[in-house]
>>> print(open('upload_37.txt').read())   # compact mmCIF, C-alpha atoms
# COMPACT_ATOMS: atom_id res chain seq x y z
CA MET A 18 78.23 90.43 48.25
CA SER A 19 80.83 88.47 46.31
CA LYS A 20 81.77 88.68 42.71
CA ASN A 21 79.31 85.93 41.75
CA GLY A 22 76.50 87.25 43.96
CA TYR A 23 76.81 84.69 46.76
CA PRO A 24 77.04 86.23 50.25
CA THR A 25 79.12 83.19 51.26
CA ASN A 26 82.17 84.91 49.70
CA ASP A 27 81.76 88.17 51.66
CA PRO A 28 85.23 88.92 53.10
CA GLU A 29 83.57 90.46 56.17
CA LEU A 30 81.97 87.18 57.24
CA ARG A 31 83.16 85.81 60.59
CA SER A 32 82.58 82.46 62.26
CA TRP A 33 81.88 81.58 65.89
CA ILE A 34 84.73 79.06 65.44
CA GLU A 35 87.63 81.38 66.23
CA SER A 36 90.30 79.42 64.36
CA ALA A 37 88.37 80.13 61.14
CA ASN A 38 88.96 83.87 61.56
CA ASN A 39 92.73 83.64 61.15
CA PRO A 40 93.46 85.70 58.00
CA ALA A 41 96.44 83.45 57.19
CA GLY A 42 94.50 80.22 57.58
CA ASP A 43 93.41 77.89 54.79
CA PHE A 44 89.84 77.25 55.90
CA PRO A 45 87.89 80.42 56.71
CA ILE A 46 84.12 80.53 56.53
CA GLN A 47 84.41 81.78 52.94
CA ASN A 48 86.05 78.47 51.92
CA LEU A 49 84.12 75.50 53.38
CA PRO A 50 85.90 72.74 51.40
CA MET A 51 84.35 69.28 51.54
CA GLY A 52 86.03 66.02 52.42
CA VAL A 53 85.42 62.52 53.78
CA PHE A 54 86.57 61.61 57.29
CA SER A 55 86.43 59.14 60.12
CA LYS A 56 87.43 59.64 63.72
CA THR A 57 90.94 58.30 64.18
CA GLY A 58 90.79 55.01 66.06
CA SER A 59 87.04 54.69 65.58
CA GLU A 60 85.27 51.90 63.72
CA ASP A 61 82.58 54.29 62.51
CA PRO A 62 82.28 54.37 58.70
CA PRO A 63 83.62 57.42 56.82
CA ARG A 64 81.23 60.28 56.06
CA VAL A 65 81.19 63.74 54.56
CA CYS A 66 82.44 66.83 56.34
CA VAL A 67 83.37 70.47 55.78
CA ALA A 68 86.60 72.07 57.01
CA ILE A 69 86.17 75.22 59.08
CA GLY A 70 89.30 76.59 60.75
CA ASP A 71 90.91 73.70 62.63
CA GLN A 72 87.62 71.79 62.87
CA ALA A 73 85.71 69.37 60.65
CA LEU A 74 81.92 69.76 60.64
CA ASP A 75 80.14 66.40 60.26
CA LEU A 76 77.41 67.09 57.69
CA SER A 77 75.69 63.77 58.37
CA GLU A 78 75.16 64.78 62.02
CA CYS A 79 73.85 68.15 60.85
CA TRP A 80 71.42 66.45 58.47
CA SER A 81 70.19 64.12 61.23
CA ALA A 82 69.55 67.18 63.41
CA GLY A 83 67.32 68.65 60.69
CA LEU A 84 69.68 71.48 59.82
CA PHE A 85 69.25 70.96 56.08
CA ALA A 86 65.47 71.30 56.06
CA GLY A 87 64.31 73.29 53.06
CA THR A 88 67.36 72.44 50.93
CA PRO A 89 67.60 69.96 48.03
CA VAL A 90 69.24 67.39 50.34
CA GLU A 91 66.40 67.48 52.90
CA SER A 92 64.86 64.16 51.83
CA GLU A 93 68.04 62.08 51.68
CA ASN A 94 71.19 62.06 53.79
CA VAL A 95 73.78 62.15 51.00
CA PHE A 96 76.44 62.90 53.61
CA GLU A 97 76.23 59.53 55.39
CA THR A 98 78.47 57.97 52.78
CA SER A 99 82.15 57.36 52.11
CA ALA A 100 82.35 59.57 49.00
CA LEU A 101 80.96 62.82 47.61
CA ASN A 102 79.62 61.27 44.40
CA GLU A 103 75.92 61.32 45.32
CA PHE A 104 76.14 64.97 46.29
CA LEU A 105 78.12 65.84 43.16
CA ALA A 106 75.43 64.24 41.01
CA MET A 107 72.82 66.68 42.38
CA GLY A 108 74.24 69.66 40.51
CA HIS A 109 75.07 73.27 41.17
CA SER A 110 71.72 74.27 42.68
CA ALA A 111 72.17 71.70 45.46
CA TRP A 112 75.85 72.56 45.93
CA SER A 113 75.06 76.25 46.30
CA SER A 114 72.13 75.65 48.64
CA VAL A 115 74.16 73.43 50.97
CA ARG A 116 77.08 75.87 50.92
CA GLN A 117 74.81 78.75 51.90
CA ARG A 118 73.17 76.73 54.69
CA VAL A 119 76.54 75.64 56.14
CA SER A 120 77.82 79.21 55.91
CA THR A 121 74.79 80.47 57.79
CA LEU A 122 75.15 77.81 60.50
CA LEU A 123 78.79 78.72 61.07
CA ARG A 124 78.34 82.49 60.98
CA HIS A 125 79.23 84.26 64.21
CA ASP A 126 75.68 85.51 64.80
CA THR A 127 73.80 82.24 64.15
CA PRO A 128 72.97 80.49 67.45
CA THR A 129 71.49 77.24 66.03
CA LEU A 130 74.65 75.17 66.26
CA ARG A 131 76.77 77.62 68.21
CA ASP A 132 74.56 77.43 71.31
CA ASP A 133 73.68 73.72 71.14
CA ALA A 134 76.48 72.18 73.21
CA GLU A 135 75.24 68.61 72.72
CA LEU A 136 75.08 68.86 68.94
CA ARG A 137 78.41 70.68 68.76
CA ALA A 138 80.04 67.84 70.68
CA THR A 139 78.94 65.29 68.05
CA ALA A 140 79.13 67.41 64.88
CA LEU A 141 82.48 69.15 65.37
CA ASN A 142 85.76 67.26 65.36
CA PRO A 143 89.27 68.70 65.57
CA ILE A 144 91.00 68.04 62.24
CA ALA A 145 93.99 66.81 64.25
CA ASP A 146 91.81 63.97 65.59
CA ILE A 147 90.37 62.66 62.33
CA THR A 148 91.55 60.57 59.39
CA LEU A 149 90.87 61.98 55.95
CA HIS A 150 89.98 59.60 53.13
CA MET A 151 89.64 59.81 49.37
CA PRO A 152 86.90 62.42 48.92
CA VAL A 153 85.46 60.92 45.73
CA ARG A 154 85.08 57.52 44.07
CA ILE A 155 86.94 58.33 40.88
CA GLY A 156 85.47 56.43 37.95
CA ASP A 157 87.74 57.92 35.31
CA TYR A 158 90.82 60.12 35.41
CA THR A 159 92.18 62.21 32.54
CA ASP A 160 95.41 64.18 32.65
CA PHE A 161 96.06 67.17 30.41
CA TYR A 162 99.20 69.01 29.29
CA ALA A 163 97.81 72.52 29.59
CA SER A 164 100.88 74.59 30.57
CA ILE A 165 102.60 75.98 27.50
CA HIS A 166 105.71 76.73 29.57
CA HIS A 167 105.96 73.12 30.72
CA ALA A 168 105.28 71.79 27.22
CA THR A 169 107.89 74.11 25.72
CA ASN A 170 110.52 73.21 28.31
CA VAL A 171 110.03 69.48 27.95
CA GLY A 172 109.81 69.73 24.20
CA SER A 173 113.07 71.70 24.13
CA MET A 174 114.86 68.89 25.94
CA PHE A 175 113.86 66.24 23.43
CA ARG A 176 113.05 68.24 20.28
CA PRO A 177 115.19 71.42 20.46
CA ASP A 178 114.22 72.53 16.95
CA ASN A 179 110.50 71.82 17.36
CA PRO A 180 109.48 71.93 21.05
CA LEU A 181 105.73 72.37 20.48
CA LEU A 182 103.94 70.01 18.14
CA PRO A 183 101.45 71.54 15.66
CA ASN A 184 98.35 70.55 17.65
CA TYR A 185 99.39 72.11 20.98
CA LYS A 186 97.87 75.55 20.46
CA ARG A 187 94.80 74.11 18.74
CA LEU A 188 93.43 71.80 21.43
CA PRO A 189 94.01 70.76 25.06
CA VAL A 190 96.28 67.71 24.77
CA GLY A 191 95.57 64.95 27.28
CA TYR A 192 95.69 61.22 28.00
CA HIS A 193 93.58 58.80 30.01
CA GLY A 194 95.20 58.08 33.37
CA ARG A 195 94.68 55.29 35.86
CA ALA A 196 91.90 55.99 38.38
CA SER A 197 92.64 52.90 40.51
CA SER A 198 96.03 54.25 41.64
CA VAL A 199 94.87 57.72 42.70
CA ILE A 200 95.65 57.97 46.42
CA VAL A 201 95.01 60.54 49.12
CA SER A 202 97.66 62.82 50.59
CA GLY A 203 99.82 61.13 53.22
CA GLU A 204 99.86 57.68 51.66
CA PRO A 205 103.39 56.49 50.83
CA VAL A 206 104.51 56.23 47.21
CA ARG A 207 106.52 53.14 46.38
CA ARG A 208 109.31 53.56 43.86
CA PRO A 209 108.11 51.66 40.79
CA HIS A 210 109.88 49.07 38.73
CA GLY A 211 109.87 49.46 34.99
CA GLN A 212 111.54 48.66 31.71
CA LEU A 213 114.45 51.08 31.31
CA ARG A 214 117.07 51.82 28.71
CA PRO A 215 119.68 53.93 30.55
CA ASP A 216 122.19 53.61 27.73
CA GLU A 217 120.68 54.11 24.32
CA SER A 218 123.27 51.81 22.79
CA ALA A 219 122.39 48.92 25.11
CA GLU A 220 119.46 46.56 25.52
CA PRO A 221 116.64 47.56 27.90
CA VAL A 222 116.61 46.23 31.46
CA PHE A 223 113.94 45.80 34.13
CA GLY A 224 114.44 47.39 37.54
CA PRO A 225 113.54 50.23 39.92
CA SER A 226 113.10 53.64 38.34
CA ARG A 227 116.16 55.83 38.86
CA LEU A 228 114.57 59.09 37.68
CA LEU A 229 111.50 59.45 39.90
CA ASP A 230 109.79 62.84 39.70
CA TYR A 231 106.80 64.79 40.98
CA GLU A 232 104.51 67.02 38.94
CA PHE A 233 102.47 69.81 40.54
CA GLU A 234 99.03 69.91 38.97
CA MET A 235 95.55 71.06 39.85
CA GLY A 236 92.65 68.66 39.42
CA PHE A 237 88.90 69.10 39.29
CA PHE A 238 85.86 66.87 39.81
CA THR A 239 82.83 66.77 37.57
CA GLY A 240 79.26 66.83 38.80
CA PRO A 241 76.29 65.94 36.57
CA GLY A 242 77.68 64.37 33.44
CA ASN A 243 76.48 63.99 29.89
CA GLU A 244 74.99 61.06 28.03
CA ILE A 245 77.24 59.21 25.63
CA GLY A 246 77.04 60.88 22.23
CA GLU A 247 76.26 64.28 23.76
CA ARG A 248 78.64 67.19 24.39
CA ILE A 249 79.17 69.72 27.18
CA SER A 250 79.49 73.23 25.74
CA MET A 251 81.67 76.06 26.99
CA ASP A 252 78.49 77.82 28.16
CA GLU A 253 77.69 75.04 30.61
CA ALA A 254 81.12 73.61 31.43
CA MET A 255 81.83 75.61 34.59
CA SER A 256 78.44 74.68 36.08
CA ARG A 257 79.35 70.98 35.63
CA ILE A 258 82.54 71.31 37.71
CA PHE A 259 82.15 70.99 41.48
CA GLY A 260 85.59 71.85 42.80
CA MET A 261 89.34 71.45 42.75
CA VAL A 262 92.18 69.63 44.52
CA ILE A 263 95.97 69.59 44.41
CA VAL A 264 97.34 66.75 42.27
CA ASN A 265 100.83 65.24 42.35
CA ASP A 266 101.25 63.22 39.17
CA TRP A 267 104.25 61.11 40.19
CA SER A 268 106.32 60.20 37.12
CA ALA A 269 109.07 57.69 36.38
CA ARG A 270 111.00 59.67 33.78
CA ASP A 271 113.29 56.85 32.67
CA VAL A 272 110.32 54.52 32.15
CA GLN A 273 108.52 57.32 30.34
CA LYS A 274 111.42 58.06 28.01
CA TRP A 275 111.56 54.48 26.77
CA GLU A 276 107.84 53.71 26.54
CA TYR A 277 106.11 56.92 25.47
CA GLN A 278 106.53 56.61 21.70
CA PRO A 279 104.19 56.31 19.89
CA LEU A 280 101.22 56.28 22.27
CA GLY A 281 102.35 58.43 25.21
CA PRO A 282 102.30 57.87 29.01
CA PHE A 283 101.55 54.40 30.36
CA ASN A 284 103.46 52.62 33.15
CA ALA A 285 105.53 55.73 33.84
CA LYS A 286 102.42 57.36 35.29
CA ASN A 287 100.12 54.59 36.50
CA PHE A 288 101.77 53.59 39.79
CA ALA A 289 100.50 56.52 41.92
CA THR A 290 98.81 59.91 41.69
CA SER A 291 98.33 61.78 44.99
CA ILE A 292 95.53 64.28 45.64
CA SER A 293 94.78 66.60 48.54
CA PRO A 294 91.81 65.49 50.69
CA TRP A 295 89.80 68.75 50.72
CA VAL A 296 87.76 69.67 47.62
CA VAL A 297 87.51 73.47 47.26
CA SER A 298 84.33 74.41 45.38
CA LEU A 299 84.30 76.71 42.37
CA ASP A 300 81.87 78.88 44.34
CA ALA A 301 84.57 79.44 46.96
CA LEU A 302 87.06 80.25 44.18
CA SER A 303 84.81 82.71 42.35
CA PRO A 304 86.50 85.87 43.74
CA PHE A 305 89.75 84.67 42.17
CA MET A 306 88.43 84.01 38.67
CA GLU A 307 89.32 86.21 35.73
CA ALA A 308 89.30 86.19 31.95
CA PRO A 309 91.89 83.88 30.36
CA LYS A 310 95.09 85.53 29.24
CA PRO A 311 94.88 86.80 25.66
CA ARG A 312 96.67 84.72 23.10
CA GLY A 313 99.81 85.94 21.40
CA PRO A 314 99.63 87.64 18.00
CA GLU A 315 101.17 84.59 16.33
CA ASP A 316 98.89 82.07 18.03
CA PRO A 317 96.17 80.46 15.90
CA PRO A 318 92.56 81.42 16.66
CA VAL A 319 90.59 79.14 18.95
CA LEU A 320 87.92 77.12 17.19
CA ASP A 321 84.40 78.23 18.07
CA TYR A 322 83.60 75.30 20.35
CA LEU A 323 86.54 76.25 22.62
CA LYS A 324 86.11 80.03 22.67
CA PRO A 325 86.11 81.45 26.23
CA VAL A 326 82.71 82.64 27.41
CA GLY A 327 83.53 84.08 30.82
CA GLU A 328 86.00 84.18 33.68
CA SER A 329 87.52 80.72 33.95
CA ALA A 330 91.21 81.42 34.64
CA ILE A 331 91.80 81.04 38.39
CA ALA A 332 94.52 82.84 40.36
CA ILE A 333 95.84 79.97 42.50
CA ARG A 334 99.33 80.23 43.97
CA LEU A 335 101.29 77.00 44.18
CA GLU A 336 104.28 75.94 46.28
CA THR A 337 106.33 72.75 46.11
CA LEU A 338 108.61 71.76 48.99
CA ILE A 339 110.99 68.87 49.62
CA GLN A 340 112.23 67.31 52.85
CA SER A 341 114.84 64.56 52.69
CA LYS A 342 115.17 61.84 55.33
CA GLN A 343 118.35 63.53 56.55
CA MET A 344 116.54 66.87 56.85
CA ARG A 345 113.85 65.24 59.02
CA GLU A 346 116.46 63.56 61.22
CA ARG A 347 118.10 66.95 61.76
CA GLY A 348 114.77 68.63 62.52
CA MET A 349 114.92 70.81 59.40
CA ASP A 350 111.73 72.15 57.81
CA PRO A 351 110.93 71.32 54.18
CA MET A 352 112.71 73.49 51.62
CA ILE A 353 110.80 75.35 48.91
CA LEU A 354 111.65 74.15 45.42
CA SER A 355 109.33 76.28 43.32
CA ARG A 356 106.38 78.67 43.28
CA GLY A 357 103.86 78.87 40.47
CA ASP A 358 100.51 80.36 39.49
CA PHE A 359 97.62 78.51 37.91
CA ARG A 360 96.85 81.56 35.78
CA ASP A 361 99.88 80.63 33.65
CA MET A 362 97.99 77.74 32.03
CA TYR A 363 97.43 77.99 28.28
CA TRP A 364 94.14 76.08 28.47
CA THR A 365 91.44 76.62 31.13
CA ILE A 366 89.43 73.99 32.99
CA ASP A 367 86.23 74.66 31.02
CA GLN A 368 88.14 74.23 27.77
CA MET A 369 89.55 70.92 29.05
CA LEU A 370 86.10 69.60 29.95
CA THR A 371 84.46 70.86 26.76
CA HIS A 372 87.15 69.37 24.54
CA HIS A 373 87.05 66.07 26.43
CA THR A 374 83.33 65.69 25.68
CA SER A 375 83.50 67.11 22.15
CA THR A 376 83.45 63.59 20.71
CA GLY A 377 80.44 62.64 22.80
CA CYS A 378 82.57 61.09 25.54
CA ASN A 379 80.34 60.77 28.60
CA MET A 380 81.38 62.19 31.98
CA ARG A 381 80.05 60.88 35.28
CA PRO A 382 79.83 62.43 38.75
CA GLY A 383 83.23 62.16 40.41
CA ASP A 384 85.36 61.89 37.28
CA MET A 385 88.67 63.68 37.78
CA LEU A 386 90.47 65.82 35.23
CA ALA A 387 93.93 67.20 35.96
CA SER A 388 95.70 70.15 34.37
CA GLY A 389 99.13 68.72 33.71
CA THR A 390 102.24 70.22 35.27
CA VAL A 391 101.81 73.89 36.19
CA SER A 392 104.93 75.80 35.16
CA GLY A 393 105.57 79.49 34.57
CA ALA A 394 108.09 81.44 32.51
CA ALA A 395 110.56 81.88 35.39
CA GLU A 396 112.97 79.10 36.34
CA ASP A 397 111.75 79.06 39.95
CA SER A 398 108.16 78.51 38.80
CA ARG A 399 108.79 75.16 37.12
CA GLY A 400 106.53 72.43 38.44
CA CYS A 401 108.70 69.30 38.31
CA MET A 402 112.28 68.14 38.87
CA LEU A 403 112.73 67.36 35.18
CA GLU A 404 112.44 71.09 34.46
CA LEU A 405 114.04 72.43 37.64
CA THR A 406 117.22 70.38 37.17
CA TRP A 407 116.98 70.37 33.37
CA ARG A 408 117.07 66.56 33.05
CA GLY A 409 119.47 66.33 36.00
CA SER A 410 122.17 68.58 34.51
CA ARG A 411 121.66 71.27 37.20
CA PRO A 412 121.28 69.48 40.56
CA ILE A 413 119.45 71.15 43.44
CA ARG A 414 121.39 71.51 46.68
CA LEU A 415 119.51 70.84 49.92
CA PRO A 416 120.32 72.53 53.27
CA THR A 417 122.10 69.34 54.40
CA GLY A 418 124.53 69.55 51.47
CA GLU A 419 122.75 66.73 49.66
CA GLU A 420 122.05 67.11 45.95
CA ARG A 421 118.97 66.11 44.03
CA LYS A 422 118.67 65.52 40.31
CA PHE A 423 115.52 63.46 40.87
CA LEU A 424 113.79 62.09 43.97
CA GLU A 425 115.51 59.68 46.36
CA ASP A 426 113.99 57.16 48.75
CA GLY A 427 112.91 58.87 51.97
CA ASP A 428 112.18 62.21 50.27
CA VAL A 429 108.87 63.82 51.18
CA VAL A 430 107.27 66.13 48.61
CA VAL A 431 104.79 68.67 49.97
CA MET A 432 102.51 70.70 47.71
CA ARG A 433 100.43 73.66 48.88
CA ALA A 434 97.98 75.91 47.07
CA TYR A 435 96.07 79.02 48.08
CA CYS A 436 94.34 82.10 46.67
CA GLU A 437 94.96 85.66 47.88
CA ARG A 438 93.60 88.90 46.49
CA ASP A 439 92.68 92.34 47.84
CA GLY A 440 89.03 92.48 48.79
CA ALA A 441 88.68 88.71 49.28
CA ALA A 442 89.34 86.26 52.09
CA ARG A 443 92.33 83.95 51.66
CA ILE A 444 91.28 80.50 50.44
CA GLY A 445 93.57 77.51 50.95
CA PHE A 446 93.62 73.92 49.69
CA GLY A 447 95.60 72.45 52.57
CA GLU A 448 98.44 70.27 51.34
CA CYS A 449 99.23 67.21 49.27
CA ARG A 450 102.06 65.17 50.78
CA GLY A 451 103.80 61.96 49.83
CA GLU A 452 106.93 60.09 50.91
CA ILE A 453 108.98 57.94 48.53
CA VAL A 454 109.53 54.45 49.93
CA PRO A 455 111.99 51.93 48.41
CA ALA A 456 111.02 49.62 45.57
CA LYS A 457 110.15 46.07 46.56
>>> encode(input="upload_37.txt", output="structure tokens")
Amino acid sequence: MSKNGYPTNDPELRSWIESANNPAGDFPIQNLPMGVFSKTGSEDPPRVCVAIGDQALDLSECWSAGLFAGTPVESENVFETSALNEFLAMGHSAWSSVRQRVSTLLRHDTPTLRDDAELRATALNPIADITLHMPVRIGDYTDFYASIHHATNVGSMFRPDNPLLPNYKRLPVGYHGRASSVIVSGEPVRRPHGQLRPDESAEPVFGPSRLLDYEFEMGFFTGPGNEIGERISMDEAMSRIFGMVIVNDWSARDVQKWEYQPLGPFNAKNFATSISPWVVSLDALSPFMEAPKPRGPEDPPVLDYLKPVGESAIAIRLETLIQSKQMRERGMDPMILSRGDFRDMYWTIDQMLTHHTSTGCNMRPGDMLASGTVSGAAEDSRGCMLELTWRGSRPIRLPTGEERKFLEDGDVVVMRAYCERDGAARIGFGECRGEIVPAK
């Protein structure tokens, strides 16, 4: 039995798909992340699947075979679609029921699918042979600024005497991002043009960004929303969140520096945001949840509507790697830039969602909220180049001898996330990858 009572988290569970039993793998039977796929080279439309080991289980084929009888999705094939939105709209009872049914079907001692060679041939696809698509139709995207370490570091660069503004410890600061430019891992990221002012004594110019950066964030998707004028409380916030993905909030720092006052991020952030293709459910993450870190003695009290009500801090380990074009040509593996932990966030995901709706702002199934850059107290846990190189004053040396202050054309940024804890199976998110291609 798992921490939240679901047997699907039992670390002793084993699958008849042997690759899922690798203790170092991302996708054991305790995970079962959902995505949208098509067979590479096929003209078949995309549909919903679950990752299990090195395989993708086609949930639409399983539904057609009657394997979801007795569950909330029995009457309608919500998996024969190119996005998870319809399923997300059904709520936690449906999510949990489907998760338990898929877990049972994949368990080592369940013959239903295991012993049906014909169905296995149509329902199981090697992940190496499929194309993964955007998992969700994102109607709205909001980005937060929830890491106090990141906020303090960036504030120190531009406001040394006052790095944190008075509101930071009172509410989760955020801004509305651009949903249309959210892309799935693997899609190239074109260096953006923008209005720049490299020399503060000169007139601004228009041209390619010279200070292109990544930002390691975690994002989450909402399920059933709220009507406009209504709020989502802390008591119900976690039940309205389906699952999480890795987010790379690509940023043009020179564009940002010139444009951000007085209204904040705009063109510096709207050209691309990459996400990982597999959505890991909160049910899968439940063994790694804990109470938020206590606030410091000098921190102001949290207002009642944002007071924690349970375990909503999540122990997710994060890794950012870089591989230059020259590294690839020499056959060199990506180099690790930083390692972080999602527990270091000052604000939790339920606080972000609750605050977002506190005005009566309405959420819809498939809306995405992102955490903001995840940075820790240590230098090697900083989640972006701006912090790692301290505005370019401390360049990073690559194995080829190259130096990086910010990202160059041909650089590939790889982000990975996973959860590990004694008494629980390792849960992975896969990776979020993007290559910088030259500006047009």
>>> atom_distance(input="upload_37.txt", atom1="CA of Ile249 in chain A", atom2="CA of Gly327 in chain A")
15.4 Å
>>> atom_distance(input="upload_37.txt", atom1="CA of Ser81 in chain A", atom2="CA of Gly240 in chain A")
24.3 Å
>>> residues_around(input="upload_37.txt", residues="Glu234 in chain A", least_positions_apart="3", cutoff="10 Å", atoms="all atoms listed in the file", output="list in words")
Asp160, Phe161, Tyr162, Ala163, Ser164, Tyr231, Val262, Ile263, Val264, Asn265, Asp266, Ile292, Leu335, Phe359, Ala387, Ser388, Gly389, Thr390, Val391, Ser392, Gly400, Cys401 and Met432 of chain A
>>> residues_near_point(input="upload_37.txt", point="(100.2, 74.7, 47.1)", cutoff="7 Å", atoms="all atoms listed in the file", output="MDAnalysis selection string")
chainID A and resid 334:337 432:435 448
>>> residues_around(input="upload_37.txt", residues="Ala332 in chain A", least_positions_apart="5", cutoff="10 Å", atoms="only C-alpha atoms", output="count of residues only")
14
>>> closest_residue(input="upload_37.txt", among="A:Thr290, A:Thr159, A:Thr371, A:Ser32", to="His193 in chain A", atoms="all atoms listed in the file")
A:Thr159
>>> atom_distance(input="upload_37.txt", atom1="CA of Gly211 in chain A", atom2="CA of Ser226 in chain A")
6.3 Å
